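Visitor: I have a structure I would like to understand better, so I am pasting it below and will then ask my questions one at a time.
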Amino acid sequence: MRGKNSLFYHILIFVVAQLVWLSLLGIWIYWYVRNYLVYEKVGEEVSPQLIYDVQNALPFILGLILLIGLSFITSLIFRHLNVQLKITRLYDNFIGNVTHELKSPLSSIQLYLETLKQRNVPPEKQKEFFEMMTKDANRLQSLINSILEVSAHEKGKLAYDYEVYYADTIIKNILEESFERFRVAKENYKIIGKADCEIRIGRDALKIVFDNLIDNSLKYSVKKPFIEVKIDCSHNNLMVEFADNGIGIVPKEQKKIFNKFYRIYSHDIPSVKGTGLGLYRVKELIKTHRGKITVNSEGEGKGTTFRIELPIYRGEKNQLLKNF
Amino acid sequence: MANDIYKGSRILLVEDEETLALGLEYNLIEEGYTVKWAENGKEAVEFYESEKFDLVILDIMLPYLDGFEIAERIRSSDPQMPILMLTAKAESADRIKGLETGADDYLTKPFHLDELLLRVKGMLKRKSWYKNASKKQPNYKFGNNEINFENLNCRHGENELRLTPQEAVLLKYLVERKGEIVTRKELLENVWHLNPEIETRTVDIFIVRLRKYFEEDPSNPVYFKSIRGAGYIFSGD
C-alpha cells in the first residue's frame with residue numbers, strides 16, 4: 001500500500017514537472033515572439049538598414065534545446081527513481097519474508113526451551129524435543145546460508161568442488177536425496193530416462209538446484225503433487241526436465257521468476273512461504289556450470305516444466321571419474 | 001494446569017509449522033485441554049465444520065486458505081467463538097486486519113509460553129463469563145442503539161451491525177459499570193486478562209471502535225467518554 005502511494009506521488013511529481021517545463025517553454029516562445037516583433041518594428045523604424053539575420057534566432061533555438069534537454073533529464077531521473085522504487089519494494093518484501101521465515105523456527109525453539117524449563121518433561125519426550133529443536137536450528141542455518149551464499153556468489157567469492165561424474169548415477173542419486181529430504185512419497189514422483197554421459201559439476205550446487213525445484217513444485221501445488229523428472233544425454237548436453245502438476249505460471253510471470261526477490265502470488269495458494277531467492281540462486285548456479293535453465297507452462301492450473309541443460313564433459317580422460 | 005472448569009475445553013490449533021504445532025499441542029494437553037491440530041487452511045475449515053470447539057488458535061500464513069479467511073468463515077457461523085491469532089506477522093496493519101476479521105486476540109511469534117497459556121485461559125474465562133452475563137440481560141438499549149448480547153447483533157438508528165466477541169465483552173463490562181470510571185488497567189486485567197504493563201493501545205483501539213458503531217459523532221462522544229488520566233466512563237440513558 002505504501003509502495004503504491006509513493007509511486008503515485010512520484011508520477012504526480014513527474015507530471016507536474018513536465019507541465020512546469022512545458023509552461024516555461026510556452027512562456028519562452030511567447031516572450032521571444034513578442035520581443036522579436038517589437039524589435040523588428042522598432043528596428044525598422046529606427047534603423048531600417050539593420051538586417052535581422054539568422055543569428056537572432058540563436059537564443060531562441062538555444063533556449064528550446066535547453067528546455068528540451070531539461071525535460072529529457074527529468075524523464076531520465078524519473079525512470080531511475082522508478083527502478084529504485086521497484087527495487088526498494090522488492091527488498092522490503094524480501095525482508096518481510098525472511099523475518100517470517102526466521103521467526104517460525106525461532107518461536108519453536110523458544111517454546112521447547114521454555115517447556116523444558118517449566119515442566120517436568122519425561123526423558124523420552126525430552127529426546128523428541130531436542131530432535132525438534134535440532135530440526136529448527138538446521139532450518140535456520142540453511143536459510144541464513146542461502147542468503148549468505150547468494151551474496152558471496154554475486155561477489156564471486158563462492159566456489160564449489162567441481163568433479164567429473166557419470167551423469168546417470170549422480171543425477172539419480174541427488175534426485176533421490178532431494179525427494180527424501182522433502183519426504184515425497186514414491187508414488188508422487190517418477191524419474192525416467194537414462195543419462196549415459198559424463199558431466200563436470202559441483203555436487204552440492206546441483207543438490208541446491210534440485211532441492212529448490214522440488215520444494216517449489218510441492219509448495220505451489222493445490223492438488224496432490226506429482227513430479228516427473230526426465231533425464232537424457234543428447235548432442236552436447238545433459239538434459240534434466242522437472243514437470244509438475246502444480247498451479248502453473250502465466251506467460252507474463254515466466255520471464256520474471258528467475259529475478260532476485262521475485263515471488264508469484266496465487267489466489268489458490270495465498271500464503272506460500274519463501275524468500276524470493278530460490279530460483280535466482282538456481283539460475284546463477286546453472287550459469288556457473290555453463291548450462292541454462294528455462295521454464296515452460298501452459299498457464300494457470302496447467303503445471304510447470306523446468307528444463308536444465310548442462311554441457312557434457314568431454315575433457316581429459318585421466319581426470320577423476322566419480323560415480324557418487 | 002488450567003482451572004478445572006476449563007479442563008477438557010476443546011481447542012482447534014491451526015498451524016502449518018510442524019515442530020511449533022507439536023510443542024503447542026504438548027503444552028495445551030498438559031494444561032488439560034483437548035487439542036485437534038490442523039496443518040493447513042482446508043483442514044482447519046473441515047475440522048471446524050465437523051466438530052465442536054471452545055477456542056481456535058490460528059496462524060495467518062497457511063497453505064490453501066489464510067488465517068484471515070478462516071477467521072471470517074468462523075465468525076459468519078459463530079460470532080462468539082474465541083479466536084487467538086498466533087503469527088509471525090508483527091506489523092500493526094496485520095494486527096488491525098486480524099482484529100477486524102474477527103480475531104479476539106493477537107500474539108506475535110516468537111512468544112512466551114506463559115503469555116500464550118494466560119491468553120488462552122483468559123479467553124475461555126471471558127467466554128464463560130459472557131455466556132452467563134448475556135443470559136441475565138440479553139438485550140440492552142441506550143440512545144438509539146440496541147444490542148442483543150446473545151447473537152451480537154446491534155442496531156444503531158437504521159444501521160445494523162454485528163459485534164465481535166471481544167467488542168461485546170468490553171461493552172457488557174462497561175454497561176454493567178454504567179456511570180463508573182473504569183481504568184485502562186482494570187479493563188486490560190478483567191476484560192483482556194492481560195498484563196497492563198505490556199499492553200497499552202489495545203483498549204483505546206476497541207473504545208474507538210465502539211464509538212464508531214454507537215456514537216452520532218465519534219469525535220465528540222456522549223456514551224463512551226474518556227476521563228483524562230483515569231480511563232473511560234460509559235453513560236447510557
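Residues are referred to by chain and number: the chain letter is A, B, ... according to the order shown in the C-alpha cells, the number counts from 1 in that chain, and ligands are numbered separately from 1 in the order shown.
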Can you work out which residues from chain B touch chain A at a cut-off of 12 Å (counting only C-alpha atoms) and hand them back as an MDAnalysis selection string?
Guide: chainID B and resid 1 15:28 30:31 40:42 59:69 86:91 93 107:117
Visitor: Fewer than 3 positions away in the same chain doesn't count, so skip those; otherwise give me all residues within 7 Å of range 201-215 of chain A, counting only C-alpha atoms, as a count of residues only.
Guide: 14
Visitor: Could you pull out the strand (DSSP E) residues of range 4-127 of chain B from DSSP and send them as a ChimeraX atom specification?
Guide: /B:10-14,34-38,55-58,83-87,105-108
Visitor: Counting only C-alpha atoms, what is within 10 Å of Lys178 in chain B, bar same-chain residues fewer than 6 positions away, as a list in words?
Guide: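 Skipping anything fewer than 6 positions along the chain leaves Lys172, Tyr223, Ile233, Phe234, Ser235, Gly236 and Asp237 of chain B.
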Visitor: For the structure I just gave you, how does DSSP split range 19-205 of chain B - specifically, which residues are helix (DSSP H, G or I)? Reply as a ChimeraX atom specification.
Guide: /B:19-30,41-50,67-77,92-100,113-136,165-176,184-192,202-205
Visitor: Show me, as a PDB file with N, CA and C atoms, in the first residue's frame, the residues that have an atom within 12 Å of Ile87 in chain A when counting only C-alpha atoms, minus same-chain residues fewer than 4 positions from it.
Guide:
ATOM      1  N   GLY A   3       3.939   1.437  -0.930  1.00  0.00           N
ATOM      2  CA  GLY A   3       4.647   1.458  -2.195  1.00  0.00           C
ATOM      3  C   GLY A   3       3.813   2.074  -3.280  1.00  0.00           C
ATOM      4  N   HIS A  80      14.862   6.435 -13.465  1.00  0.00           N
ATOM      5  CA  HIS A  80      15.796   5.898 -12.482  1.00  0.00           C
ATOM      6  C   HIS A  80      15.119   5.726 -11.114  1.00  0.00           C
ATOM      7  N   LEU A  81      14.327   6.743 -10.765  1.00  0.00           N
ATOM      8  CA  LEU A  81      13.604   6.729  -9.493  1.00  0.00           C
ATOM      9  C   LEU A  81      12.630   5.557  -9.434  1.00  0.00           C
ATOM     10  N   ASN A  82      11.984   5.330 -10.576  1.00  0.00           N
ATOM     11  CA  ASN A  82      11.017   4.241 -10.683  1.00  0.00           C
ATOM     12  C   ASN A  82      11.682   2.889 -10.459  1.00  0.00           C
ATOM     13  N   VAL A  83      12.835   2.722 -11.070  1.00  0.00           N
ATOM     14  CA  VAL A  83      13.586   1.468 -10.914  1.00  0.00           C
ATOM     15  C   VAL A  83      13.975   1.297  -9.445  1.00  0.00           C
ATOM     16  N   TYR A  91      12.853  -5.365  -2.062  1.00  0.00           N
ATOM     17  CA  TYR A  91      13.719  -5.556  -0.913  1.00  0.00           C
ATOM     18  C   TYR A  91      12.899  -5.589   0.381  1.00  0.00           C
ATOM     19  N   ASP A  92      11.908  -4.700   0.470  1.00  0.00           N
ATOM     20  CA  ASP A  92      11.021  -4.691   1.643  1.00  0.00           C
ATOM     21  C   ASP A  92      10.314  -6.031   1.793  1.00  0.00           C
ATOM     22  N   ASN A  93       9.797  -6.535   0.650  1.00  0.00           N
ATOM     23  CA  ASN A  93       9.119  -7.827   0.676  1.00  0.00           C
ATOM     24  C   ASN A  93      10.059  -8.917   1.134  1.00  0.00           C
ATOM     25  N   PHE A  94      11.291  -8.835   0.629  1.00  0.00           N
ATOM     26  CA  PHE A  94      12.294  -9.841   0.974  1.00  0.00           C
ATOM     27  C   PHE A  94      12.548  -9.825   2.481  1.00  0.00           C
ATOM     28  N   ASN A 259      14.147 -13.666 -11.458  1.00  0.00           N
ATOM     29  CA  ASN A 259      14.675 -12.414 -10.913  1.00  0.00           C
ATOM     30  C   ASN A 259      14.831 -12.509  -9.400  1.00  0.00           C
ATOM     31  N   LYS A 260      15.812 -11.780  -8.911  1.00  0.00           N
ATOM     32  CA  LYS A 260      16.073 -11.775  -7.471  1.00  0.00           C
ATOM     33  C   LYS A 260      14.869 -11.202  -6.714  1.00  0.00           C
ATOM     34  N   PHE A 261      14.489 -11.832  -5.653  1.00  0.00           N
ATOM     35  CA  PHE A 261      13.388 -11.441  -4.749  1.00  0.00           C
ATOM     36  C   PHE A 261      11.999 -11.612  -5.363  1.00  0.00           C
ATOM     37  N   TYR A 262      11.916 -12.021  -6.630  1.00  0.00           N
ATOM     38  CA  TYR A 262      10.589 -12.076  -7.257  1.00  0.00           C
ATOM     39  C   TYR A 262       9.807 -13.279  -6.743  1.00  0.00           C
TER      40      TYR A 262
END
Visitor: Give me the residues near Thr294 in chain A as a VMD selection string, where near means some atom within 10 Å (using only C-alpha atoms) and where sequence neighbours in that chain fewer than 5 positions away do not count.
Guide: chain A and resid 241 254 to 255 258 283 305 to 309
Visitor: Using only C-alpha atoms, determine which residues lie at most 7 Å from Pro82 in chain B, disregarding the query and same-chain residues fewer than 2 positions distant; provide the list as a ChimeraX atom specification.
Guide: /B:55-56,80,84,104,123
Visitor: Rounded to one decimal, what separation in Å do you get between CA of Leu12 in chain B and CA of Ile96 in chain B?
Guide: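 It comes out at 22.4 Å.
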